[in-house]
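Okay, start_20.txt is below, compact mmCIF, C-alpha atoms and all ligand atoms:
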# COMPACT_ATOMS: atom_id res chain seq x y z
CA MET A 12 -4.19 -5.97 -26.85
CA PHE A 13 -4.52 -5.23 -30.56
CA ILE A 14 -6.99 -2.40 -31.11
CA ASP A 15 -8.07 -1.77 -34.69
CA GLU A 16 -11.14 0.35 -34.04
CA THR A 17 -11.90 3.07 -31.53
CA THR A 18 -13.41 6.52 -31.19
CA VAL A 19 -11.66 9.71 -30.12
CA SER A 20 -12.69 13.24 -29.22
CA LEU A 21 -10.30 15.81 -30.57
CA LYS A 22 -10.09 19.54 -30.17
CA ALA A 23 -7.86 22.15 -31.71
CA GLY A 24 -6.70 25.01 -29.51
CA ASP A 25 -8.76 28.17 -29.02
CA GLY A 26 -7.27 31.45 -30.14
CA GLY A 27 -6.06 33.85 -27.46
CA ARG A 28 -7.98 37.04 -26.64
CA GLY A 29 -6.86 40.41 -27.97
CA CYS A 30 -5.54 42.86 -25.39
CA VAL A 31 -6.64 46.38 -24.47
CA ALA A 32 -3.67 48.53 -23.47
CA PHE A 33 -2.30 52.02 -24.01
CA ARG A 34 1.17 53.35 -24.30
CA ARG A 35 2.21 55.01 -21.05
CA GLU A 36 5.49 56.84 -21.20
CA LYS A 37 6.98 59.55 -19.10
CA PHE A 38 6.34 62.45 -21.43
CA GLU A 39 3.48 60.86 -23.28
CA PRO A 40 0.67 60.30 -20.78
CA MET A 41 -1.99 59.82 -23.45
CA GLY A 42 -0.19 57.29 -25.64
CA GLY A 43 -2.05 55.42 -28.31
CA PRO A 44 -3.49 51.91 -28.07
CA ASN A 45 -0.95 49.11 -28.09
CA GLY A 46 -2.87 45.99 -27.04
CA GLY A 47 -1.56 43.05 -29.10
CA ASP A 48 -3.53 40.32 -30.86
CA GLY A 49 -4.10 36.92 -29.31
CA GLY A 50 -2.11 33.92 -30.57
CA LYS A 51 -3.60 31.25 -32.83
CA GLY A 52 -4.65 27.96 -31.25
CA GLY A 53 -2.73 24.81 -32.17
CA ASP A 54 -3.97 22.47 -34.93
CA VAL A 55 -4.71 18.78 -34.54
CA ILE A 56 -2.50 16.96 -37.01
CA LEU A 57 -2.59 13.23 -37.76
CA ARG A 58 0.66 11.64 -38.86
CA ALA A 59 1.00 8.20 -40.44
CA ASP A 60 3.74 6.38 -38.58
CA ASP A 61 5.28 3.09 -39.59
CA ASP A 62 6.36 2.30 -36.03
CA THR A 63 2.85 2.53 -34.64
CA GLY A 64 1.21 -0.87 -34.87
CA ASP A 65 -2.36 -0.27 -33.77
CA LEU A 66 -4.79 2.18 -32.20
CA GLU A 67 -4.31 1.03 -28.61
CA ALA A 68 -3.01 4.42 -27.44
CA PHE A 69 -6.35 6.01 -28.32
CA ARG A 70 -8.42 3.36 -26.62
CA TYR A 71 -6.97 4.32 -23.26
CA GLN A 72 -6.82 8.02 -23.87
CA PRO A 73 -9.78 8.99 -26.00
CA LEU A 74 -9.56 12.75 -25.48
CA HIS A 75 -6.86 14.93 -27.02
CA GLU A 76 -6.53 18.67 -27.22
CA ALA A 77 -4.05 20.99 -28.93
CA GLY A 78 -2.62 23.97 -27.06
CA ARG A 79 -4.58 27.23 -26.83
CA GLY A 80 -3.14 30.50 -28.06
CA ASP A 81 -1.89 32.96 -25.43
CA HIS A 82 -3.73 36.21 -24.95
CA GLY A 83 -2.26 39.33 -26.48
CA ARG A 84 -0.40 41.73 -24.17
CA GLY A 85 0.47 45.41 -23.93
CA SER A 86 3.34 46.97 -25.85
CA SER A 87 1.93 45.38 -29.03
CA GLN A 88 2.94 41.92 -27.92
CA ILE A 89 1.18 39.21 -29.88
CA GLY A 90 0.19 36.14 -27.87
CA ARG A 91 2.19 33.03 -28.54
CA GLY A 92 0.51 30.45 -30.77
CA GLY A 93 -0.72 27.25 -29.10
CA SER A 94 1.32 24.14 -29.86
CA ASP A 95 0.02 21.78 -32.50
CA LEU A 96 -1.02 18.32 -31.40
CA VAL A 97 0.52 15.64 -33.57
CA LEU A 98 -1.07 12.22 -33.19
CA LYS A 99 0.73 9.20 -34.60
CA MET A 100 -1.49 6.68 -36.32
CA PRO A 101 -0.64 3.29 -37.81
CA LEU A 102 -0.40 3.12 -41.60
CA GLY A 103 -3.79 2.25 -43.01
CA THR A 104 -5.87 4.18 -40.47
CA VAL A 105 -9.18 5.44 -41.85
CA VAL A 106 -10.79 8.38 -40.05
CA PHE A 107 -14.58 8.74 -40.04
CA SER A 108 -16.64 11.59 -38.64
CA GLU A 109 -18.72 10.17 -35.83
CA GLU A 110 -21.38 12.78 -36.53
CA THR A 111 -21.96 12.17 -40.23
CA GLY A 112 -20.41 8.72 -40.62
CA GLU A 113 -18.45 10.06 -43.57
CA LYS A 114 -14.84 9.21 -44.29
CA VAL A 115 -12.64 12.20 -43.52
CA CYS A 116 -9.20 10.96 -44.48
CA GLU A 117 -6.86 7.98 -44.73
CA LEU A 118 -3.27 7.73 -43.55
CA LEU A 119 -1.35 5.55 -45.95
CA ASP A 120 2.27 6.63 -46.36
CA ASP A 121 4.82 6.83 -43.58
CA GLY A 122 5.21 10.46 -42.53
CA GLN A 123 2.04 11.65 -44.30
CA GLU A 124 0.33 14.40 -42.30
CA VAL A 125 -3.26 15.58 -42.34
CA THR A 126 -4.44 18.69 -40.53
CA LEU A 127 -7.72 17.40 -39.19
CA LEU A 128 -8.81 20.33 -37.03
CA ARG A 129 -7.66 23.93 -37.21
CA GLY A 130 -6.90 26.03 -34.18
CA GLY A 131 -8.90 29.24 -33.70
CA GLN A 132 -7.45 32.56 -34.88
CA GLY A 133 -6.36 34.89 -32.11
CA GLY A 134 -8.60 37.88 -31.32
CA PHE A 135 -7.62 41.46 -32.21
CA GLY A 136 -6.09 43.73 -29.61
CA ASN A 137 -7.21 47.37 -29.42
CA GLU A 138 -4.25 48.47 -31.49
CA HIS A 139 -6.01 46.89 -34.41
CA PHE A 140 -9.00 49.19 -34.06
CA LYS A 141 -7.25 52.54 -34.00
CA SER A 142 -8.24 54.95 -36.72
CA SER A 143 -8.20 58.65 -37.42
CA THR A 144 -11.60 59.02 -35.81
CA ASN A 145 -10.99 56.74 -32.86
CA ARG A 146 -7.55 57.18 -31.38
CA ALA A 147 -8.25 55.44 -28.10
CA PRO A 148 -10.35 52.39 -28.92
CA ARG A 149 -11.18 50.09 -26.02
CA LYS A 150 -12.40 47.49 -28.41
CA PHE A 151 -10.89 43.98 -28.65
CA THR A 152 -12.15 40.61 -29.83
CA GLU A 153 -12.09 37.16 -28.26
CA GLY A 154 -10.08 34.47 -29.97
CA LYS A 155 -12.01 32.09 -32.22
CA LEU A 156 -12.75 28.64 -30.82
CA GLY A 157 -10.66 25.76 -32.11
CA GLU A 158 -12.48 23.18 -34.23
CA GLU A 159 -13.49 20.01 -32.46
CA GLY A 160 -15.08 16.72 -33.28
CA LYS A 161 -15.58 13.08 -32.53
CA PHE A 162 -14.02 10.59 -34.88
CA ARG A 163 -14.04 6.86 -35.42
CA LEU A 164 -10.65 5.42 -36.25
CA VAL A 165 -10.52 2.15 -38.14
CA LEU A 166 -7.28 0.42 -38.97
CA LYS A 167 -7.22 -1.44 -42.28
CA SER A 168 -3.69 -2.77 -42.58
CA ILE A 169 -1.65 -2.13 -45.66
CA ALA A 170 -0.35 -5.29 -47.26
CA ASP A 171 0.09 -6.55 -50.81
CA ILE A 172 -0.97 -10.11 -50.10
CA GLY A 173 -3.58 -11.36 -47.67
CA LEU A 174 -3.27 -14.91 -46.36
CA VAL A 175 -6.65 -16.49 -45.85
CA GLY A 176 -7.24 -19.96 -44.48
CA PHE A 177 -8.81 -22.20 -41.89
CA PRO A 178 -7.15 -22.39 -38.48
CA ASN A 179 -4.13 -24.71 -38.62
CA ALA A 180 -3.79 -24.43 -42.41
CA GLY A 181 -0.28 -23.11 -41.81
CA LYS A 182 -0.66 -19.36 -42.38
CA SER A 183 1.70 -18.45 -39.60
CA SER A 184 4.12 -21.26 -40.42
CA LEU A 185 4.32 -19.89 -43.96
CA THR A 186 4.77 -16.34 -42.71
CA ARG A 187 7.68 -17.55 -40.60
CA VAL A 188 9.44 -19.32 -43.47
CA ILE A 189 9.10 -16.60 -46.11
CA THR A 190 9.30 -13.41 -44.01
CA LYS A 191 11.22 -12.25 -40.96
CA ALA A 192 8.01 -11.91 -38.94
CA ARG A 193 7.67 -14.44 -36.13
CA PRO A 194 4.00 -15.10 -35.46
CA ARG A 195 3.34 -18.01 -33.12
CA THR A 196 2.36 -21.32 -34.67
CA GLY A 197 0.66 -24.20 -32.98
CA ALA A 198 -1.26 -27.40 -33.55
CA TYR A 199 -4.41 -25.87 -32.13
CA PRO A 200 -6.94 -23.62 -33.86
CA PHE A 201 -6.79 -19.85 -33.46
CA THR A 202 -3.14 -19.67 -32.52
CA THR A 203 -3.08 -16.32 -34.27
CA LEU A 204 -5.43 -13.86 -32.61
CA ILE A 205 -4.32 -10.66 -34.24
CA PRO A 206 -3.10 -9.80 -37.74
CA GLN A 207 0.64 -10.05 -38.28
CA LEU A 208 2.47 -8.29 -41.06
CA GLY A 209 5.59 -9.72 -42.63
CA ILE A 210 7.78 -8.65 -45.51
CA ILE A 211 8.87 -10.98 -48.29
CA GLU A 212 12.23 -9.78 -49.58
CA TYR A 213 13.26 -10.17 -53.22
CA PRO A 214 16.96 -9.23 -53.20
CA ASP A 215 17.42 -10.16 -56.87
CA LYS A 216 14.49 -7.97 -57.87
CA HIS A 217 15.34 -5.18 -55.44
CA GLY A 218 11.82 -5.35 -54.15
CA ARG A 219 9.61 -6.50 -51.34
CA LEU A 220 6.02 -7.49 -50.79
CA GLN A 221 4.06 -7.18 -47.61
CA LEU A 222 2.13 -10.18 -46.39
CA ALA A 223 -0.74 -10.09 -43.88
CA ASP A 224 -1.27 -13.21 -41.75
CA ILE A 225 -4.74 -12.96 -40.24
CA PRO A 226 -6.58 -15.20 -37.78
CA GLY A 227 -8.21 -18.33 -39.15
CA ILE A 228 -11.60 -18.26 -40.86
CA ILE A 229 -14.11 -21.07 -40.37
CA ALA A 230 -17.51 -21.87 -41.85
CA GLY A 231 -19.92 -19.33 -40.37
CA ALA A 232 -17.24 -16.75 -39.60
CA SER A 233 -19.49 -14.17 -41.21
CA GLN A 234 -22.07 -15.06 -38.52
CA ASP A 235 -19.41 -14.50 -35.89
CA LYS A 236 -18.30 -18.11 -35.51
CA GLY A 237 -14.73 -18.49 -34.35
CA LEU A 238 -13.11 -15.07 -34.30
CA GLY A 239 -15.69 -13.80 -36.76
CA HIS A 240 -14.66 -12.13 -39.97
CA ARG A 241 -13.88 -8.64 -38.76
CA PHE A 242 -10.20 -9.34 -39.36
CA LEU A 243 -10.94 -9.44 -43.07
CA ARG A 244 -10.70 -5.65 -42.96
CA HIS A 245 -6.94 -6.19 -42.81
CA ILE A 246 -6.93 -7.76 -46.25
CA GLU A 247 -9.38 -5.27 -47.81
CA ARG A 248 -6.53 -3.29 -49.30
CA CYS A 249 -4.54 -6.28 -50.56
CA GLN A 250 -3.93 -6.68 -54.27
CA LEU A 251 -3.85 -10.45 -54.08
CA LEU A 252 -5.52 -12.96 -51.79
CA ALA A 253 -3.55 -16.13 -51.16
CA LEU A 254 -5.93 -18.80 -49.92
CA ILE A 255 -4.06 -21.49 -48.08
CA VAL A 256 -5.44 -24.96 -47.42
CA ASP A 257 -4.20 -28.04 -45.63
CA MET A 258 -4.00 -30.16 -48.79
CA ALA A 259 -3.55 -33.32 -46.71
CA GLY A 260 -6.95 -32.78 -45.13
CA SER A 261 -5.30 -33.77 -41.87
CA GLU A 262 -8.23 -32.54 -39.81
CA GLY A 263 -10.69 -34.73 -41.67
CA ARG A 264 -12.10 -32.05 -43.98
CA SER A 265 -11.82 -32.08 -47.74
CA PRO A 266 -9.39 -29.43 -49.06
CA THR A 267 -11.75 -28.63 -51.93
CA ASP A 268 -14.58 -28.02 -49.45
CA ASP A 269 -12.27 -25.85 -47.37
CA TYR A 270 -11.49 -23.71 -50.39
CA GLU A 271 -15.16 -23.32 -51.27
CA THR A 272 -16.05 -22.44 -47.69
CA LEU A 273 -13.35 -19.78 -47.66
CA LEU A 274 -14.74 -18.31 -50.87
CA SER A 275 -18.24 -18.15 -49.45
CA GLU A 276 -16.99 -16.50 -46.26
CA LEU A 277 -15.06 -13.95 -48.32
CA GLY A 278 -18.20 -13.34 -50.34
CA ALA A 279 -20.23 -12.73 -47.18
CA TYR A 280 -17.97 -9.88 -46.14
CA GLU A 281 -19.99 -6.78 -46.81
CA GLU A 282 -17.49 -3.98 -46.38
CA GLY A 283 -15.61 -4.76 -49.55
CA ASP A 284 -15.71 -6.98 -52.62
CA LEU A 285 -13.05 -9.49 -51.66
CA LEU A 286 -14.04 -11.97 -54.35
CA ALA A 287 -13.23 -9.41 -57.02
CA LYS A 288 -9.57 -9.51 -56.04
CA PRO A 289 -7.14 -11.75 -57.88
CA ARG A 290 -6.44 -14.89 -55.89
CA CYS A 291 -4.27 -17.95 -55.85
CA LEU A 292 -4.17 -21.15 -53.85
CA ILE A 293 -1.34 -22.30 -51.63
CA ALA A 294 -1.52 -26.04 -51.12
CA ASN A 295 0.26 -26.62 -47.83
CA LYS A 296 1.36 -29.79 -46.03
CA MET A 297 2.38 -31.51 -49.28
CA ASP A 298 4.79 -33.60 -47.16
CA LEU A 299 1.84 -35.66 -45.89
CA PRO A 300 0.85 -38.77 -47.88
CA GLU A 301 -2.75 -37.90 -48.81
CA ALA A 302 -1.87 -34.48 -50.17
CA ASN A 303 -1.04 -35.45 -53.77
CA ASP A 304 -4.36 -37.16 -54.44
CA HIS A 305 -6.28 -34.26 -52.99
CA LEU A 306 -4.26 -31.87 -55.11
CA SER A 307 -5.14 -33.57 -58.40
CA THR A 308 -8.82 -33.58 -57.44
CA PHE A 309 -8.58 -29.92 -56.58
CA ARG A 310 -6.85 -28.99 -59.85
CA LYS A 311 -9.66 -30.52 -61.88
CA LYS A 312 -12.23 -28.49 -60.05
CA HIS A 313 -10.63 -25.08 -59.66
CA PRO A 314 -8.57 -23.53 -62.44
CA ILE A 315 -6.58 -21.01 -60.41
CA PRO A 316 -2.84 -20.60 -59.89
CA ILE A 317 -1.77 -23.26 -57.37
CA PHE A 318 1.47 -23.41 -55.39
CA PRO A 319 2.12 -26.74 -53.66
CA ILE A 320 4.41 -26.26 -50.65
CA SER A 321 5.53 -27.74 -47.37
CA CYS A 322 6.42 -25.30 -44.64
CA LEU A 323 7.70 -28.20 -42.59
CA GLN A 324 10.17 -29.36 -45.23
CA ASN A 325 10.77 -25.97 -46.83
CA GLU A 326 9.55 -27.12 -50.19
CA GLY A 327 8.08 -25.07 -53.01
CA LEU A 328 8.79 -21.83 -51.22
CA GLN A 329 10.99 -20.20 -53.87
CA THR A 330 8.48 -21.02 -56.60
CA LEU A 331 5.74 -19.62 -54.39
CA LYS A 332 7.64 -16.40 -53.71
CA ASN A 333 8.31 -15.86 -57.39
CA GLY A 334 4.73 -16.74 -58.25
CA LEU A 335 3.36 -14.18 -55.80
CA TRP A 336 5.69 -11.56 -57.25
CA ASN A 337 4.56 -12.28 -60.79
CA LEU A 338 0.88 -12.29 -59.89
CA ILE A 339 1.23 -8.88 -58.33
CA LYS A 340 3.73 -7.23 -60.65
CA SER A 341 2.49 -8.61 -63.95
CA PRO A 342 -1.07 -9.81 -63.47
CA THR A 343 -2.68 -11.45 -66.48
CA PRO A 344 -5.94 -9.69 -67.33
N1 LIG A 401 2.95 -31.66 -41.82
C1 LIG A 401 2.95 -30.34 -41.92
N2 LIG A 401 2.49 -29.61 -40.88
C2 LIG A 401 2.49 -28.27 -41.00
C3 LIG A 401 2.97 -27.62 -42.17
N3 LIG A 401 2.83 -26.29 -42.00
C4 LIG A 401 2.30 -26.12 -40.77
N4 LIG A 401 2.10 -27.29 -40.16
C5 LIG A 401 1.54 -27.50 -38.82
O1 LIG A 401 0.19 -27.06 -38.76
C6 LIG A 401 -0.12 -26.52 -37.49
C7 LIG A 401 -0.75 -25.17 -37.62
O2 LIG A 401 0.19 -24.25 -38.13
P1 LIG A 401 0.01 -22.67 -37.98
O3 LIG A 401 1.03 -22.08 -38.85
O4 LIG A 401 -0.03 -22.28 -36.56
O5 LIG A 401 -1.43 -22.49 -38.60
P2 LIG A 401 -2.30 -21.16 -38.79
O6 LIG A 401 -2.96 -21.28 -40.11
O7 LIG A 401 -1.47 -19.98 -38.56
O8 LIG A 401 -3.37 -21.36 -37.64
P3 LIG A 401 -4.22 -20.26 -36.81
O9 LIG A 401 -3.28 -19.19 -36.39
O10 LIG A 401 -4.74 -21.04 -35.66
O11 LIG A 401 -5.29 -19.78 -37.71
C8 LIG A 401 1.19 -26.51 -36.70
O12 LIG A 401 1.21 -27.60 -35.83
C9 LIG A 401 2.25 -26.65 -37.78
O13 LIG A 401 3.39 -27.30 -37.31
C10 LIG A 401 3.46 -28.45 -43.24
O14 LIG A 401 3.90 -27.98 -44.29
N5 LIG A 401 3.42 -29.79 -43.04
MG MG A 402 -1.64 -18.50 -37.21
Output the file's structure as structure tokens, nothing else.
Amino acid sequence: MFIDETTVSLKAGDGGRGCVAFRREKFEPMGGPNGGDGGKGGDVILRADDDTGDLEAFRYQPLHEAGRGDHGRGSSQIGRGGSDLVLKMPLGTVVFSEETGEKVCELLDDGQEVTLLRGGQGGFGNEHFKSSTNRAPRKFTEGKLGEEGKFRLVLKSIADIGLVGFPNAGKSSLTRVITKARPRTGAYPFTTLIPQLGIIEYPDKHGRLQLADIPGIIAGASQDKGLGHRFLRHIERCQLLALIVDMAGSEGRSPTDDYETLLSELGAYEEGDLLAKPRCLIANKMDLPEANDHLSTFRKKHPIPIFPISCLQNEGLQTLKNGLWNLIKSPTP
């Protein structure tokens, strides 16, 4: 299962208690205090990890705790610090405090670490309290409690380009022909149930762009029709939206209507302003006979960059790849 939202309870380790002890040696029966301090509790650290695809691990184990610090011991021995808890999160994870609803942090770059909760300091042993007036203190302090909290984790994938289209428009077919990702394709709607990320390589430009193939959007998706529009969160961070339509209208709908429906569904998404993003149109299925007529009608109506392609016959793909690169790397204002 692909989990892109869940809540977790996290706790940093408590500090260890300080120790009360006195030096006892053969010829020194009344030795001074030597109780050591407690160790510090472990921190809870979040690490962005490119190999982690979703938040499934947290769905099944929603409670995580860092190690507690050991108590101090005699002979001035300081308790060992508790071990830190490092939790791997997929790139693009946003962490919200469940209590306040506020955003706490985002994990965007592979290897990036955020110390979310700090372990408690260890308590003081009695050695700490010795002074000229009190040579045999029995005083010690407890370790401080580790910080804890409940958090909501939301994954918003990181991709440069978001592919948006009706079911069967050919989003996954396109992803297969221009990236190494292998999402399933099929002649039935909602073949793709979870977002798929693919990388478009540009060997001549020594660069790459990341493409997000998300499940199909239909009219009313914003009212939860089909798979709803929650998957749009995975294109929220994209720089460019590539709307893809079946230009042949092979399912009996007009491609121009499809495009307008997609725009209105994007506009109904409340979490982010998707219509403010630069966009282009990918006219797919140009191998089918009706496609050319539909394309000229479309062009007259919508002045946006259009890339006619056929995934089936591998046509227009190089022009499309270069076009996407140019739209992202040198956008016209
Ligand atoms: N004729 C023709 N058919 C195509 C072309 N591209 C894709 N198809 C067909 O269209 C159907 C749907 O393709 P998918 O790539 O699964 O479509 P999708 O947009 O990912 O669909 P969902 O995952 O259901 O949203 C498949 O039967 C493909 O073979 C094309 O260029 N020409
Ligand atoms: Mg698909």
*Could you please determine the separation between CA of Leu185 in chain A and CA of Pro101 in chain A in Å, to one decimal place?*
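Interatomic distance here is 24.5 Å.
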*Surroundings of ligand MG 402 (chain A) up to 10 Å, based on only C-alpha atoms and all ligand atoms, as JSON, numbers by chain*: {"A": [174, 176, 177, 178, 179, 180, 181, 182, 183, 184, 185, 186, 187, 194, 195, 196, 197, 198, 199, 200, 201, 202, 203, 204, 205, 206, 207, 224, 225, 226, 227]}
*CA of Lys22 in chain A to CA of Asn137 in chain A, distance in Å rounded to a single decimal*: 28.0 Å
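For the pair CA of Asp121 in chain A and CA of Gly64 in chain A, the separation is 12.2 Å.
Using all atoms listed in the file, the smallest distance between any of A:Gln324, A:Ser20, A:Ser94, A:Asn45 and ligand LIG 401 (chain A) comes from A:Gln324.
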Is it possible to get the axis-aligned box enclosing ligand LIG 401 (chain A) (all listed atoms, 3 Å extra per side) as lines of an AutoDock Vina configuration file, with centre and edge lengths in Å rounded to one decimal?
center_x = -0.7
center_y = -25.4
center_z = -40.0
size_x = 15.2
size_y = 18.5
size_z = 14.6
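The neighbours of Gly283 in chain A here are the residues that come within 10 Å of it, using only C-alpha atoms and leaving out any residue fewer than 3 positions away in the same chain; they are Leu243, Arg244, Ile246, Glu247, Arg248, Leu277, Gly278, Ala279, Tyr280, Leu286 and Ala287 of chain A.
Taking all atoms listed in the file into account, ligand LIG 401 (chain A) lies nearest to A:Ser261 out of the set A:Ser261, A:Gln72, A:Gln221, A:Thr18.
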*Counting all atoms listed in the file, figure out which residue out of A:Pro316, A:Leu338, A:Ile228, A:Asn303 gets nearest to ligand LIG 401 (chain A).*
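Result for the nearest residue to ligand LIG 401 (chain A): A:Ile228.
Minimum atom-to-atom distance to ligand LIG 401 (chain A), evaluated using only C-alpha atoms and all ligand atoms, belongs to A:Lys296 out of A:Arg149, A:Arg91, A:His313, A:Lys296.
Each of A:Glu16, A:Asp120, A:Glu271, A:Asp257 was compared to ligand LIG 401 (chain A) using only C-alpha atoms and all ligand atoms, and A:Asp257 turns out to be the nearest.
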*asked:* Please determine, counting only C-alpha atoms and all ligand atoms, which residue among A:Arg193, A:Lys311, A:Arg28, A:Lys141 has the shortest atom-to-atom distance to ligand LIG 401 (chain A).
replied: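 Nearest to ligand LIG 401 (chain A): A:Arg193.
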_For a cutoff of 6 Å around the file-coordinate point (-5.6, 35.6, -27.4), which residues qualify once you count all atoms listed in the file? I'd like the result as a VMD selection string._
chain A and resid 26 to 29 49 to 50 80 to 83 90 133 to 134 154
Written file, previous selection with C-alpha atoms, as a PDB file, in the frame of the given file:
ATOM      1  CA  GLY A  26      -7.270  31.450 -30.140  1.00  0.00           C
ATOM      2  CA  GLY A  27      -6.060  33.850 -27.460  1.00  0.00           C
ATOM      3  CA  ARG A  28      -7.980  37.040 -26.640  1.00  0.00           C
ATOM      4  CA  GLY A  29      -6.860  40.410 -27.970  1.00  0.00           C
ATOM      5  CA  GLY A  49      -4.100  36.920 -29.310  1.00  0.00           C
ATOM      6  CA  GLY A  50      -2.110  33.920 -30.570  1.00  0.00           C
ATOM      7  CA  GLY A  80      -3.140  30.500 -28.060  1.00  0.00           C
ATOM      8  CA  ASP A  81      -1.890  32.960 -25.430  1.00  0.00           C
ATOM      9  CA  HIS A  82      -3.730  36.210 -24.950  1.00  0.00           C
ATOM     10  CA  GLY A  83      -2.260  39.330 -26.480  1.00  0.00           C
ATOM     11  CA  GLY A  90       0.190  36.140 -27.870  1.00  0.00           C
ATOM     12  CA  GLY A 133      -6.360  34.890 -32.110  1.00  0.00           C
ATOM     13  CA  GLY A 134      -8.600  37.880 -31.320  1.00  0.00           C
ATOM     14  CA  GLY A 154     -10.080  34.470 -29.970  1.00  0.00           C
TER      15      GLY A 154
END
_I'd like the neighbourhood of range 104-107 of chain A as JSON, numbers by chain, where a residue qualifies if any of its atoms comes within 12 Å (using only C-alpha atoms), though same-chain residues fewer than 4 positions away should be ignored._
{"A": [14, 15, 16, 17, 18, 19, 20, 57, 58, 59, 60, 61, 63, 64, 65, 66, 98, 99, 100, 111, 112, 113, 114, 115, 116, 117, 118, 119, 120, 121, 123, 125, 127, 160, 161, 162, 163, 164, 165, 166, 167, 168, 169, 244, 245, 248]}
Writer output for current selection, C-alpha atoms, as a compact mmCIF listing (two decimals), in the coordinates of the input:
# COMPACT_ATOMS: atom_id res chain seq x y z
CA ILE A 14 -6.99 -2.40 -31.11
CA ASP A 15 -8.07 -1.77 -34.69
CA GLU A 16 -11.14 0.35 -34.04
CA THR A 17 -11.90 3.07 -31.53
CA THR A 18 -13.41 6.52 -31.19
CA VAL A 19 -11.66 9.71 -30.12
CA SER A 20 -12.69 13.24 -29.22
CA LEU A 57 -2.59 13.23 -37.76
CA ARG A 58 0.66 11.64 -38.86
CA ALA A 59 1.00 8.20 -40.44
CA ASP A 60 3.74 6.38 -38.58
CA ASP A 61 5.28 3.09 -39.59
CA THR A 63 2.85 2.53 -34.64
CA GLY A 64 1.21 -0.87 -34.87
CA ASP A 65 -2.36 -0.27 -33.77
CA LEU A 66 -4.79 2.18 -32.20
CA LEU A 98 -1.07 12.22 -33.19
CA LYS A 99 0.73 9.20 -34.60
CA MET A 100 -1.49 6.68 -36.32
CA THR A 111 -21.96 12.17 -40.23
CA GLY A 112 -20.41 8.72 -40.62
CA GLU A 113 -18.45 10.06 -43.57
CA LYS A 114 -14.84 9.21 -44.29
CA VAL A 115 -12.64 12.20 -43.52
CA CYS A 116 -9.20 10.96 -44.48
CA GLU A 117 -6.86 7.98 -44.73
CA LEU A 118 -3.27 7.73 -43.55
CA LEU A 119 -1.35 5.55 -45.95
CA ASP A 120 2.27 6.63 -46.36
CA ASP A 121 4.82 6.83 -43.58
CA GLN A 123 2.04 11.65 -44.30
CA VAL A 125 -3.26 15.58 -42.34
CA LEU A 127 -7.72 17.40 -39.19
CA GLY A 160 -15.08 16.72 -33.28
CA LYS A 161 -15.58 13.08 -32.53
CA PHE A 162 -14.02 10.59 -34.88
CA ARG A 163 -14.04 6.86 -35.42
CA LEU A 164 -10.65 5.42 -36.25
CA VAL A 165 -10.52 2.15 -38.14
CA LEU A 166 -7.28 0.42 -38.97
CA LYS A 167 -7.22 -1.44 -42.28
CA SER A 168 -3.69 -2.77 -42.58
CA ILE A 169 -1.65 -2.13 -45.66
CA ARG A 244 -10.70 -5.65 -42.96
CA HIS A 245 -6.94 -6.19 -42.81
CA ARG A 248 -6.53 -3.29 -49.30
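Non-sequential neighbours of Ser143 in chain A (distance at most 12 Å, separation of 4 or more positions within a chain, only C-alpha atoms) are Gly43, Ala147 and Pro148 of chain A.
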Take range 307-316 of chain A, bring it up to N, CA and C atoms, and give me the output as a CSV table (one decimal), in the coordinates of the input.
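Output contents, as saved in part-v9.csv:
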chain,number,residue,atom,x,y,z
A,307,SER,N,-4.7,-33.4,-57.0
A,307,SER,CA,-5.1,-33.6,-58.4
A,307,SER,C,-6.7,-33.4,-58.5
A,308,THR,N,-7.4,-33.8,-57.4
A,308,THR,CA,-8.8,-33.6,-57.4
A,308,THR,C,-9.1,-32.1,-57.5
A,309,PHE,N,-8.4,-31.4,-56.7
A,309,PHE,CA,-8.6,-29.9,-56.6
A,309,PHE,C,-8.3,-29.2,-57.9
A,310,ARG,N,-7.2,-29.6,-58.6
A,310,ARG,CA,-6.8,-29.0,-59.8
A,310,ARG,C,-8.0,-29.1,-60.9
A,311,LYS,N,-8.6,-30.3,-60.9
A,311,LYS,CA,-9.7,-30.5,-61.9
A,311,LYS,C,-10.8,-29.6,-61.6
A,312,LYS,N,-11.1,-29.3,-60.4
A,312,LYS,CA,-12.2,-28.5,-60.0
A,312,LYS,C,-12.0,-27.0,-60.1
A,313,HIS,N,-10.8,-26.5,-59.8
A,313,HIS,CA,-10.6,-25.1,-59.7
A,313,HIS,C,-9.4,-24.6,-60.5
A,314,PRO,N,-9.7,-24.0,-61.6
A,314,PRO,CA,-8.6,-23.5,-62.4
A,314,PRO,C,-8.0,-22.2,-61.9
A,315,ILE,N,-7.2,-22.2,-60.9
A,315,ILE,CA,-6.6,-21.0,-60.4
A,315,ILE,C,-5.1,-21.3,-60.2
A,316,PRO,N,-4.3,-20.3,-60.1
A,316,PRO,CA,-2.8,-20.6,-59.9
A,316,PRO,C,-2.7,-21.3,-58.5
